[in-house]
Amino acid sequence: MRVVSLVPSLSEAIAVTLPGALVGATDWCSRPVDLEVTRIGGTKNPDVARILALGPDLVIANEEENRAPDLDALRAAGVEVLVTEVRSVPRAFAELDRVLGACGARSRPAWLDAAEAAWSALPAPAERTRAVVPVWRRPWMVLGRDTFAGDVLARLGVDHVYAAHPERYPRVPLDALRAQAPDLVVLPDEPYRFTADDGPEAFPGLPCALVSGRHLTWYGPSLTEAPRVLAGALRAARR
């Protein structure tokens with residue numbers, strides 16, 4: 001199989017499980033750190049001609065990260081495109097099984113079993129916390145309804161304020177975010193790179209958890225350690 005991935009987390013999953021199968025990936029596909037494949041542009045602006053030149057048997061995409069016109073252009077050129085939809089932790093495991101099988105895996109990788117076991121072993125949270133979870137600023141955007149990251153946090157005892165919003169990633173003015181009076185603000189380092197100096201200052205008086213975006217939003221080998229890593233960051237912010 002010759003596979004091109006347009007999804008960073010799935011690039012990692014394929015590369016770790018099926019060395020050599022991945023021939024192309026986006027500029028944002030940063031894992032594994034030694035990944036050496038042809039780069040084909042961004043998730044939102046892939047170079048279709050460069051992808052076609054690689055002669056892929058399969059292109060892996062995601063309904064949220066990639067644009068339909070790019071995927072349609074690949075299909076029109078005769079390339080098979082597998083589009084994933086991941087909006088919860090259980091769905092992530094199902095889609096990982098589907099993707100790896102389509103890429104030629106003959107058995108389920110040990111890391112996927114370990115990841116599913118880690119999430120299955122999570123105890124019920126002793127308490128629940130209301131949080132605002134920005135994913136961008138200028139303009140401010142937050143987690144809304146029906147997101148993978150939202151489900152991850154819910155399983156760790158964090159209920160994000162905009163979970164019932166009609167949009168999945170609504171734009172909300174900063175004053176409105178503050179007016180929600182959350183217990184916690186969760187600031188991931190991707191897609192926007194929030195840091196100790198860029199983000200917390202917008203929410204004076206509120207505890208802010210700086211968390212790994214890879215562990216919050218990626219579905220792949222990072223799922224194995226995500227419960228522990230994220231829980232540690234959340235605890236540290238609430239002390």
# chains A, B, ... in the order shown; residues from 1 in each chain; ligands from 1
call {"tool": "residues_around", "arguments": {"residues": "segment 232-236 of chain A", "least_positions_apart": "6", "cutoff": "10 Å", "atoms": "only C-alpha atoms", "output": "number ranges by chain"}}
result
A: 129, 153, 156-158, 184-186, 207-212, 226
call {"tool": "write_last_selection", "arguments": {"atoms": "N, CA, C and O atoms", "output": "PDB file, in the first residue's frame"}}
result
ATOM      1  N   THR A 129     -16.278  19.782  36.765  1.00  0.00           N
ATOM      2  CA  THR A 129     -15.813  21.155  36.659  1.00  0.00           C
ATOM      3  C   THR A 129     -16.376  21.803  35.401  1.00  0.00           C
ATOM      4  O   THR A 129     -16.368  21.186  34.331  1.00  0.00           O
ATOM      5  N   LEU A 153     -12.604  15.598  27.460  1.00  0.00           N
ATOM      6  CA  LEU A 153     -12.663  16.350  28.714  1.00  0.00           C
ATOM      7  C   LEU A 153     -13.801  15.859  29.605  1.00  0.00           C
ATOM      8  O   LEU A 153     -13.651  15.768  30.832  1.00  0.00           O
ATOM      9  N   LEU A 156     -12.976  13.130  31.740  1.00  0.00           N
ATOM     10  CA  LEU A 156     -12.043  13.503  32.811  1.00  0.00           C
ATOM     11  C   LEU A 156     -12.698  14.429  33.831  1.00  0.00           C
ATOM     12  O   LEU A 156     -12.025  14.996  34.686  1.00  0.00           O
ATOM     13  N   GLY A 157     -14.012  14.602  33.733  1.00  0.00           N
ATOM     14  CA  GLY A 157     -14.745  15.390  34.715  1.00  0.00           C
ATOM     15  C   GLY A 157     -14.884  16.857  34.392  1.00  0.00           C
ATOM     16  O   GLY A 157     -15.267  17.648  35.257  1.00  0.00           O
ATOM     17  N   VAL A 158     -14.592  17.236  33.144  1.00  0.00           N
ATOM     18  CA  VAL A 158     -14.674  18.641  32.741  1.00  0.00           C
ATOM     19  C   VAL A 158     -15.822  18.821  31.750  1.00  0.00           C
ATOM     20  O   VAL A 158     -15.808  18.238  30.661  1.00  0.00           O
ATOM     21  N   LEU A 184     -12.934  26.909  35.411  1.00  0.00           N
ATOM     22  CA  LEU A 184     -11.624  26.632  34.825  1.00  0.00           C
ATOM     23  C   LEU A 184     -11.624  27.069  33.363  1.00  0.00           C
ATOM     24  O   LEU A 184     -12.658  27.018  32.690  1.00  0.00           O
ATOM     25  N   VAL A 185     -10.466  27.477  32.885  1.00  0.00           N
ATOM     26  CA  VAL A 185     -10.259  27.720  31.459  1.00  0.00           C
ATOM     27  C   VAL A 185      -9.208  26.723  30.977  1.00  0.00           C
ATOM     28  O   VAL A 185      -8.119  26.636  31.567  1.00  0.00           O
ATOM     29  N   VAL A 186      -9.531  25.975  29.961  1.00  0.00           N
ATOM     30  CA  VAL A 186      -8.603  24.983  29.409  1.00  0.00           C
ATOM     31  C   VAL A 186      -8.015  25.547  28.119  1.00  0.00           C
ATOM     32  O   VAL A 186      -8.752  25.874  27.184  1.00  0.00           O
ATOM     33  N   PRO A 207      -8.530  30.066  37.211  1.00  0.00           N
ATOM     34  CA  PRO A 207      -7.461  29.092  36.983  1.00  0.00           C
ATOM     35  C   PRO A 207      -7.445  28.663  35.527  1.00  0.00           C
ATOM     36  O   PRO A 207      -8.498  28.447  34.918  1.00  0.00           O
ATOM     37  N   CYS A 208      -6.263  28.554  34.970  1.00  0.00           N
ATOM     38  CA  CYS A 208      -6.102  28.170  33.561  1.00  0.00           C
ATOM     39  C   CYS A 208      -5.230  26.923  33.469  1.00  0.00           C
ATOM     40  O   CYS A 208      -4.131  26.891  34.030  1.00  0.00           O
ATOM     41  N   ALA A 209      -5.723  25.927  32.772  1.00  0.00           N
ATOM     42  CA  ALA A 209      -4.965  24.695  32.546  1.00  0.00           C
ATOM     43  C   ALA A 209      -4.362  24.747  31.150  1.00  0.00           C
ATOM     44  O   ALA A 209      -5.095  24.756  30.151  1.00  0.00           O
ATOM     45  N   LEU A 210      -3.034  24.802  31.067  1.00  0.00           N
ATOM     46  CA  LEU A 210      -2.343  24.721  29.781  1.00  0.00           C
ATOM     47  C   LEU A 210      -2.128  23.252  29.463  1.00  0.00           C
ATOM     48  O   LEU A 210      -1.429  22.541  30.189  1.00  0.00           O
ATOM     49  N   VAL A 211      -2.763  22.773  28.400  1.00  0.00           N
ATOM     50  CA  VAL A 211      -2.736  21.341  28.109  1.00  0.00           C
ATOM     51  C   VAL A 211      -2.153  21.077  26.729  1.00  0.00           C
ATOM     52  O   VAL A 211      -2.142  21.941  25.856  1.00  0.00           O
ATOM     53  N   SER A 212      -1.695  19.863  26.551  1.00  0.00           N
ATOM     54  CA  SER A 212      -1.155  19.411  25.273  1.00  0.00           C
ATOM     55  C   SER A 212      -2.285  19.220  24.262  1.00  0.00           C
ATOM     56  O   SER A 212      -3.187  18.411  24.460  1.00  0.00           O
ATOM     57  N   ALA A 226      -2.865   9.914  27.021  1.00  0.00           N
ATOM     58  CA  ALA A 226      -3.688  11.117  27.158  1.00  0.00           C
ATOM     59  C   ALA A 226      -4.435  11.210  28.485  1.00  0.00           C
ATOM     60  O   ALA A 226      -4.457  12.290  29.095  1.00  0.00           O
TER      61      ALA A 226
END
call {"tool": "select_by_dssp", "arguments": {"residues": "segment 13-208 of chain A", "states": "strand (DSSP E)", "output": "VMD selection string"}}
result
chain A and resid 22 to 25 38 to 39 58 to 62 81 to 84 129 to 132 134 to 136 141 to 142 158 to 160 184 to 188 208
call {"tool": "select_by_dssp", "arguments": {"residues": "segment 11-209 of chain A", "states": "alpha helix (DSSP H)", "output": "ChimeraX atom specification"}}
result
/A:11-17,48-53,68-76,89-102,110-120,148-155,174-179
call {"tool": "residues_around", "arguments": {"residues": "Thr224 of chain A", "least_positions_apart": "3", "cutoff": "8 Å", "atoms": "only C-alpha atoms", "output": "PyMOL selection string"}}
result
chain A and resi 111-112+114-116+118-119+221+227
call {"tool": "residues_around", "arguments": {"residues": "Arg178 of chain A", "least_positions_apart": "5", "cutoff": "10 Å", "atoms": "only C-alpha atoms", "output": "PyMOL selection string"}}
result
chain A and resi 132+173+185+202-204+206
call {"tool": "residues_around", "arguments": {"residues": "segment 100-107 of chain A", "least_positions_apart": "5", "cutoff": "9 Å", "atoms": "only C-alpha atoms", "output": "PyMOL selection string"}}
result
chain A and resi 1-3+13-14+17-18+21-22+57-58+82+95
call {"tool": "atom_distance", "arguments": {"atom1": "atom CA of Thr43 of chain A", "atom2": "atom CA of Thr26 of chain A"}}
result
6.1 Å
call {"tool": "closest_residue", "arguments": {"among": "A:Leu54, A:Val7, A:Val133, A:Val16", "to": "Asn66 of chain A", "atoms": "only C-alpha atoms"}}
result
A:Val7
